[in-house]
>>> print(open('structure16.cif').read())   # mmCIF, C-alpha atoms
data_model
loop_
_atom_site.label_atom_id
_atom_site.label_comp_id
_atom_site.auth_asym_id
_atom_site.auth_seq_id
_atom_site.Cartn_x
_atom_site.Cartn_y
_atom_site.Cartn_z
CA MET A 1 194.94 65.49 25.20
CA ALA A 2 192.78 62.43 24.58
CA LYS A 3 192.84 59.70 27.22
CA GLU A 4 192.10 56.01 27.05
CA VAL A 5 189.22 55.46 29.46
CA LEU A 6 188.59 51.90 30.64
CA ILE A 7 184.93 51.37 31.59
CA LEU A 8 184.40 48.21 33.64
CA GLY A 9 180.82 46.98 33.54
CA ALA A 10 180.19 48.96 30.38
CA THR A 11 176.71 47.51 29.72
CA GLY A 12 175.32 49.03 32.94
CA LYS A 13 172.71 51.79 32.70
CA ILE A 14 174.82 54.40 34.49
CA ALA A 15 177.77 53.49 32.30
CA GLY A 16 175.58 54.04 29.24
CA HIS A 17 174.87 57.61 30.30
CA ALA A 18 178.55 58.20 31.06
CA ILE A 19 179.52 56.85 27.64
CA ASP A 20 176.99 59.16 25.95
CA ALA A 21 178.38 62.18 27.80
CA LEU A 22 182.01 61.27 27.08
CA LEU A 23 181.30 60.81 23.37
CA ALA A 24 179.35 64.08 23.16
CA ASN A 25 181.70 66.33 25.10
CA GLY A 26 185.26 65.16 24.44
CA ASN A 27 187.59 63.09 22.30
CA ASP A 28 188.66 60.37 24.75
CA GLU A 29 188.92 56.80 23.48
CA LEU A 30 186.68 54.38 25.40
CA LEU A 31 187.60 50.79 26.24
CA LEU A 32 184.28 49.09 26.96
CA PHE A 33 184.96 46.07 29.19
CA THR A 34 182.06 43.68 29.70
CA ARG A 35 181.17 40.03 30.13
CA HIS A 36 178.34 40.52 27.64
CA PRO A 37 179.71 42.28 24.54
CA GLN A 38 176.63 41.30 22.56
CA ASN A 39 174.72 43.85 24.67
CA MET A 40 176.97 46.78 23.74
CA ASN A 41 175.64 49.38 21.33
CA VAL A 42 178.70 50.95 19.73
CA VAL A 43 177.98 54.45 18.43
CA ASP A 44 181.46 55.51 17.27
CA GLU A 45 183.73 52.70 16.13
CA ASN A 46 186.67 55.11 15.94
CA ARG A 47 186.46 55.89 19.66
CA GLU A 48 184.87 52.78 21.20
CA THR A 49 186.60 49.42 21.58
CA VAL A 50 184.63 46.54 23.11
CA ILE A 51 186.63 44.13 25.28
CA LYS A 52 185.09 40.89 26.47
CA GLY A 53 186.28 40.04 29.96
CA ASP A 54 185.56 39.37 33.61
CA VAL A 55 186.98 41.65 36.32
CA LEU A 56 187.46 38.58 38.52
CA ASN A 57 189.83 37.16 35.88
CA ILE A 58 193.26 38.81 36.14
CA GLY A 59 194.19 37.49 32.69
CA ASP A 60 191.26 39.39 31.18
CA LEU A 61 191.70 42.53 33.25
CA GLU A 62 195.46 43.10 33.11
CA PRO A 63 195.89 44.00 29.41
CA ALA A 64 192.92 46.37 29.62
CA ILE A 65 194.27 48.24 32.65
CA GLU A 66 197.76 48.34 31.11
CA ARG A 67 196.27 50.35 28.20
CA ALA A 68 194.23 52.73 30.33
CA ASP A 69 194.85 56.28 31.51
CA VAL A 70 191.67 56.35 33.64
CA VAL A 71 189.49 53.54 35.02
CA TYR A 72 185.77 53.80 35.76
CA ALA A 73 184.21 50.82 37.55
CA ASN A 74 180.46 50.34 37.29
CA LEU A 75 180.17 46.92 38.95
CA ARG A 76 177.52 44.97 40.81
CA ASN A 77 178.63 41.58 42.07
CA PRO A 78 178.59 39.61 45.34
CA GLU A 79 182.38 39.39 44.93
CA ILE A 80 182.85 43.12 44.51
CA THR A 81 185.55 43.21 47.21
CA GLN A 82 187.69 40.82 45.18
CA GLN A 83 186.96 42.87 42.08
CA ALA A 84 188.22 45.95 43.93
CA LYS A 85 191.39 44.11 44.99
CA ASN A 86 192.07 43.02 41.40
CA ILE A 87 191.57 46.52 40.05
CA VAL A 88 193.70 48.20 42.71
CA SER A 89 196.59 45.74 42.38
CA LEU A 90 196.77 46.14 38.60
CA MET A 91 196.32 49.92 38.60
CA GLU A 92 199.12 50.23 41.12
CA LYS A 93 201.28 47.84 39.07
CA TYR A 94 200.89 49.95 35.93
CA ALA A 95 200.81 53.34 37.72
CA VAL A 96 197.31 54.17 36.49
CA LYS A 97 196.10 56.61 39.14
CA PRO A 98 192.55 57.92 38.49
CA LEU A 99 189.71 55.55 39.42
CA VAL A 100 186.01 56.41 39.51
CA TRP A 101 184.18 53.84 41.64
CA ILE A 102 180.41 53.46 41.97
CA SER A 103 179.46 52.32 45.47
CA SER A 104 176.17 52.47 47.41
CA ILE A 105 174.20 54.79 49.62
CA GLY A 106 174.39 53.78 53.28
CA ILE A 107 177.77 52.02 53.46
CA TYR A 108 178.86 54.33 56.29
CA ASP A 109 175.47 54.41 58.03
CA GLU A 110 175.40 58.02 56.85
CA VAL A 111 171.70 58.20 55.99
CA PRO A 112 169.69 59.93 58.74
CA GLY A 113 166.18 59.48 60.05
CA LYS A 114 163.41 57.19 58.86
CA PHE A 115 164.93 56.97 55.37
CA GLY A 116 168.19 55.72 56.86
CA LYS A 117 166.33 53.05 58.81
CA TRP A 118 164.38 52.02 55.68
CA ASN A 119 167.54 51.97 53.58
CA ASN A 120 169.29 49.72 56.11
CA GLU A 121 166.31 47.37 56.21
CA MET A 122 166.26 47.14 52.41
CA LEU A 123 170.02 46.74 51.92
CA GLY A 124 171.10 44.93 55.09
CA GLY A 125 172.91 47.66 56.96
CA GLY A 126 175.17 46.51 59.79
CA GLN A 127 175.54 42.97 58.46
CA LYS A 128 179.02 42.08 57.21
CA ASP A 129 177.91 39.81 54.36
CA SER A 130 174.98 41.99 53.29
CA TYR A 131 174.83 44.15 50.17
CA LEU A 132 175.96 47.19 52.19
CA GLY A 133 178.61 45.16 54.01
CA THR A 134 180.25 43.97 50.80
CA TYR A 135 180.14 47.43 49.21
CA ARG A 136 181.69 48.94 52.35
CA SER A 137 184.46 46.34 52.24
CA ALA A 138 185.16 47.13 48.60
CA ALA A 139 185.20 50.89 49.29
CA ASP A 140 187.72 50.29 52.10
CA VAL A 141 190.00 48.49 49.62
CA ILE A 142 189.81 51.50 47.29
CA GLU A 143 190.44 54.06 50.04
CA ASN A 144 193.39 52.13 51.41
CA SER A 145 195.09 52.17 48.01
CA THR A 146 197.54 54.70 46.56
CA LEU A 147 195.11 55.56 43.75
CA ASP A 148 193.56 58.93 43.00
CA TYR A 149 190.11 57.43 43.51
CA THR A 150 186.71 59.10 43.49
CA ILE A 151 183.99 57.07 45.21
CA ILE A 152 180.36 57.83 44.36
CA ARG A 153 177.48 56.75 46.63
CA PRO A 154 174.25 57.36 44.68
CA ALA A 155 170.83 57.71 46.24
CA TRP A 156 168.11 55.32 45.03
CA LEU A 157 168.28 55.39 41.26
CA THR A 158 165.65 56.45 38.73
CA ASP A 159 165.54 56.43 34.93
CA LYS A 160 164.30 60.02 34.71
CA ASP A 161 165.67 62.00 31.77
CA GLU A 162 167.26 64.73 33.86
CA ILE A 163 170.60 65.96 35.13
CA ASP A 164 169.91 67.34 38.60
CA TYR A 165 172.12 66.48 41.53
CA GLU A 166 174.01 67.71 44.57
CA THR A 167 176.78 66.07 46.60
CA THR A 168 177.72 65.47 50.20
CA ALA A 169 181.17 64.58 51.47
CA LYS A 170 182.12 61.47 53.40
CA GLY A 171 181.31 62.13 57.04
CA GLU A 172 178.33 64.36 56.22
CA SER A 173 174.73 63.21 56.53
CA PHE A 174 173.29 62.02 53.24
CA LYS A 175 170.66 64.27 51.63
CA GLY A 176 167.59 63.27 49.62
CA THR A 177 166.29 59.85 48.66
CA GLU A 178 166.76 59.51 44.89
CA VAL A 179 168.82 60.56 41.87
CA SER A 180 168.69 59.79 38.16
CA ARG A 181 171.14 57.41 36.52
CA LYS A 182 171.69 60.12 33.91
CA SER A 183 172.86 62.49 36.67
CA ILE A 184 175.36 59.94 37.98
CA GLY A 185 176.62 59.17 34.47
CA ASN A 186 177.19 62.85 33.78
CA PHE A 187 178.98 63.32 37.12
CA VAL A 188 181.23 60.38 36.20
CA ALA A 189 182.03 61.94 32.82
CA LYS A 190 182.82 65.26 34.51
CA ILE A 191 185.29 63.54 36.84
CA ILE A 192 186.93 61.60 33.99
CA ASP A 193 187.35 64.84 32.03
CA ASP A 194 189.28 66.45 34.92
CA PRO A 195 190.05 63.97 37.72
CA ALA A 196 192.36 66.13 39.85
CA PRO A 197 189.73 68.17 41.77
CA TYR A 198 187.96 64.94 42.78
CA ALA A 199 191.02 62.87 43.67
CA ARG A 200 190.84 60.83 46.90
CA LYS A 201 187.32 62.06 47.63
CA ASN A 202 184.12 60.24 48.44
CA PHE A 203 180.71 61.70 47.51
CA GLY A 204 177.11 61.00 48.31
CA VAL A 205 174.99 62.09 45.33
CA ASN A 206 171.28 62.91 45.37
CA LYS A 207 168.65 64.98 43.60
CA PRO A 208 167.93 68.16 45.61
CA ASN A 209 164.64 68.45 47.48
CA THR A 210 163.86 64.74 47.52
CA ASP A 211 163.95 64.29 51.30
CA GLY A 212 161.48 61.77 52.68
CA ASP A 213 161.00 58.50 54.50
CA LYS A 214 161.78 56.59 51.26
CA PRO A 215 161.82 57.34 47.51
CA THR A 216 158.44 58.63 46.37
CA TRP A 217 158.16 55.99 43.66
CA TYR A 218 158.88 52.98 45.91
#
>>> encode(input="structure16.cif", output="structure tokens")
Amino acid sequence: MAKEVLILGATGKIAGHAIDALLANGNDELLLFTRHPQNMNVVDENRETVIKGDVLNIGDLEPAIERADVVYANLRNPEITQQAKNIVSLMEKYAVKPLVWISSIGIYDEVPGKFGKWNNEMLGGGQKDSYLGTYRSAADVIENSTLDYTIIRPAWLTDKDEIDYETTAKGESFKGTEVSRKSIGNFVAKIIDDPAPYARKNFGVNKPNTDGDKPTWY
């Protein structure tokens, strides 16, 4: 049965790969929510509806979530904790359960060795108002909700044209240093297609055999 999938931050690169996979491999209808609709490239007008809006604006967000069967949030914002609170409150209000949430590597200090130290230095690990601090706070909001969330913590992202990834669970040491945006987008689409096996789980995602002190390309 076709679902209505709300994609928040639909102009993001990962979201673009997820949209491609969802259009290619299913019949779900996609609600593409973005502050910049002029940047959307609609491929199938019968299955894609562009919605201009800001996740920080409840008036914009509420009618979109009310329509949705699944929500996928692909957000990057200093106020991401408030975005998470808005999403959770409205999804709980309208009993929309599945949420796929893109977070960040390192929010649990789960990255071992020299790469973990480098990652913390780059992203401000251990500092409450840092990039990692705000993403950890937002993830806590999601995990403390009643939603059937799936949190994804990608390794450092590349634009390689490949689907090649492995996962680690929350509480396990992170593996590898990098992963392609296409891999993350395809993992997102896989979860949206069948959310139940991934419900209330939290994954680190990396390309196998990319261990090192930092990503090779950095």
>>> closest_residue(input="structure16.cif", among="A:Ile19, A:Ala2, A:Asn206, A:Lys128", to="Ser173 of chain A", atoms="only C-alpha atoms")
A:Asn206
>>> residues_around(input="structure16.cif", residues="segment 185-199 of chain A", least_positions_apart="3", cutoff="6 Å", atoms="only C-alpha atoms", output="number ranges by chain")
A: 14, 17-18, 22, 148-150, 182
>>> closest_atom_pairs(input="structure16.cif", of="segment 41-77 of chain A", to="segment 94-107 of chain A", cutoff="7 Å", atoms="only C-alpha atoms", output="CSV")
residue,atom,partner,partner_atom,distance
A:Glu66,CA,A:Tyr94,CA,6.0
A:Asp69,CA,A:Val96,CA,5.9
A:Val70,CA,A:Pro98,CA,5.2
A:Val71,CA,A:Leu99,CA,4.8
A:Tyr72,CA,A:Val100,CA,4.6
A:Ala73,CA,A:Trp101,CA,5.1
A:Asn74,CA,A:Ile102,CA,5.6
>>> atom_distance(input="structure16.cif", atom1="atom CA of Glu178 of chain A", atom2="atom CA of Ala139 of chain A")
20.8 Å
>>> resolve_selection(input="structure16.cif", expression="the PyMOL selection byres ((chain A and resi 87) around 12)", output="PDB file with C-alpha atoms, in the coordinates of the input")
ATOM      1  CA  LEU A   6     188.590  51.900  30.640  1.00  0.00           C
ATOM      2  CA  ILE A   7     184.930  51.370  31.590  1.00  0.00           C
ATOM      3  CA  LEU A   8     184.400  48.210  33.640  1.00  0.00           C
ATOM      4  CA  ASP A  54     185.560  39.370  33.610  1.00  0.00           C
ATOM      5  CA  VAL A  55     186.980  41.650  36.320  1.00  0.00           C
ATOM      6  CA  LEU A  56     187.460  38.580  38.520  1.00  0.00           C
ATOM      7  CA  ASN A  57     189.830  37.160  35.880  1.00  0.00           C
ATOM      8  CA  ILE A  58     193.260  38.810  36.140  1.00  0.00           C
ATOM      9  CA  GLY A  59     194.190  37.490  32.690  1.00  0.00           C
ATOM     10  CA  ASP A  60     191.260  39.390  31.180  1.00  0.00           C
ATOM     11  CA  LEU A  61     191.700  42.530  33.250  1.00  0.00           C
ATOM     12  CA  GLU A  62     195.460  43.100  33.110  1.00  0.00           C
ATOM     13  CA  PRO A  63     195.890  44.000  29.410  1.00  0.00           C
ATOM     14  CA  ALA A  64     192.920  46.370  29.620  1.00  0.00           C
ATOM     15  CA  ILE A  65     194.270  48.240  32.650  1.00  0.00           C
ATOM     16  CA  GLU A  66     197.760  48.340  31.110  1.00  0.00           C
ATOM     17  CA  ALA A  68     194.230  52.730  30.330  1.00  0.00           C
ATOM     18  CA  VAL A  70     191.670  56.350  33.640  1.00  0.00           C
ATOM     19  CA  VAL A  71     189.490  53.540  35.020  1.00  0.00           C
ATOM     20  CA  TYR A  72     185.770  53.800  35.760  1.00  0.00           C
ATOM     21  CA  ALA A  73     184.210  50.820  37.550  1.00  0.00           C
ATOM     22  CA  LEU A  75     180.170  46.920  38.950  1.00  0.00           C
ATOM     23  CA  ILE A  80     182.850  43.120  44.510  1.00  0.00           C
ATOM     24  CA  THR A  81     185.550  43.210  47.210  1.00  0.00           C
ATOM     25  CA  GLN A  82     187.690  40.820  45.180  1.00  0.00           C
ATOM     26  CA  GLN A  83     186.960  42.870  42.080  1.00  0.00           C
ATOM     27  CA  ALA A  84     188.220  45.950  43.930  1.00  0.00           C
ATOM     28  CA  LYS A  85     191.390  44.110  44.990  1.00  0.00           C
ATOM     29  CA  ASN A  86     192.070  43.020  41.400  1.00  0.00           C
ATOM     30  CA  VAL A  88     193.700  48.200  42.710  1.00  0.00           C
ATOM     31  CA  SER A  89     196.590  45.740  42.380  1.00  0.00           C
ATOM     32  CA  LEU A  90     196.770  46.140  38.600  1.00  0.00           C
ATOM     33  CA  MET A  91     196.320  49.920  38.600  1.00  0.00           C
ATOM     34  CA  GLU A  92     199.120  50.230  41.120  1.00  0.00           C
ATOM     35  CA  LYS A  93     201.280  47.840  39.070  1.00  0.00           C
ATOM     36  CA  TYR A  94     200.890  49.950  35.930  1.00  0.00           C
ATOM     37  CA  ALA A  95     200.810  53.340  37.720  1.00  0.00           C
ATOM     38  CA  VAL A  96     197.310  54.170  36.490  1.00  0.00           C
ATOM     39  CA  LYS A  97     196.100  56.610  39.140  1.00  0.00           C
ATOM     40  CA  PRO A  98     192.550  57.920  38.490  1.00  0.00           C
ATOM     41  CA  LEU A  99     189.710  55.550  39.420  1.00  0.00           C
ATOM     42  CA  VAL A 100     186.010  56.410  39.510  1.00  0.00           C
ATOM     43  CA  TRP A 101     184.180  53.840  41.640  1.00  0.00           C
ATOM     44  CA  ALA A 138     185.160  47.130  48.600  1.00  0.00           C
ATOM     45  CA  VAL A 141     190.000  48.490  49.620  1.00  0.00           C
ATOM     46  CA  ILE A 142     189.810  51.500  47.290  1.00  0.00           C
ATOM     47  CA  SER A 145     195.090  52.170  48.010  1.00  0.00           C
ATOM     48  CA  LEU A 147     195.110  55.560  43.750  1.00  0.00           C
ATOM     49  CA  TYR A 149     190.110  57.430  43.510  1.00  0.00           C
TER      50      TYR A 149
END
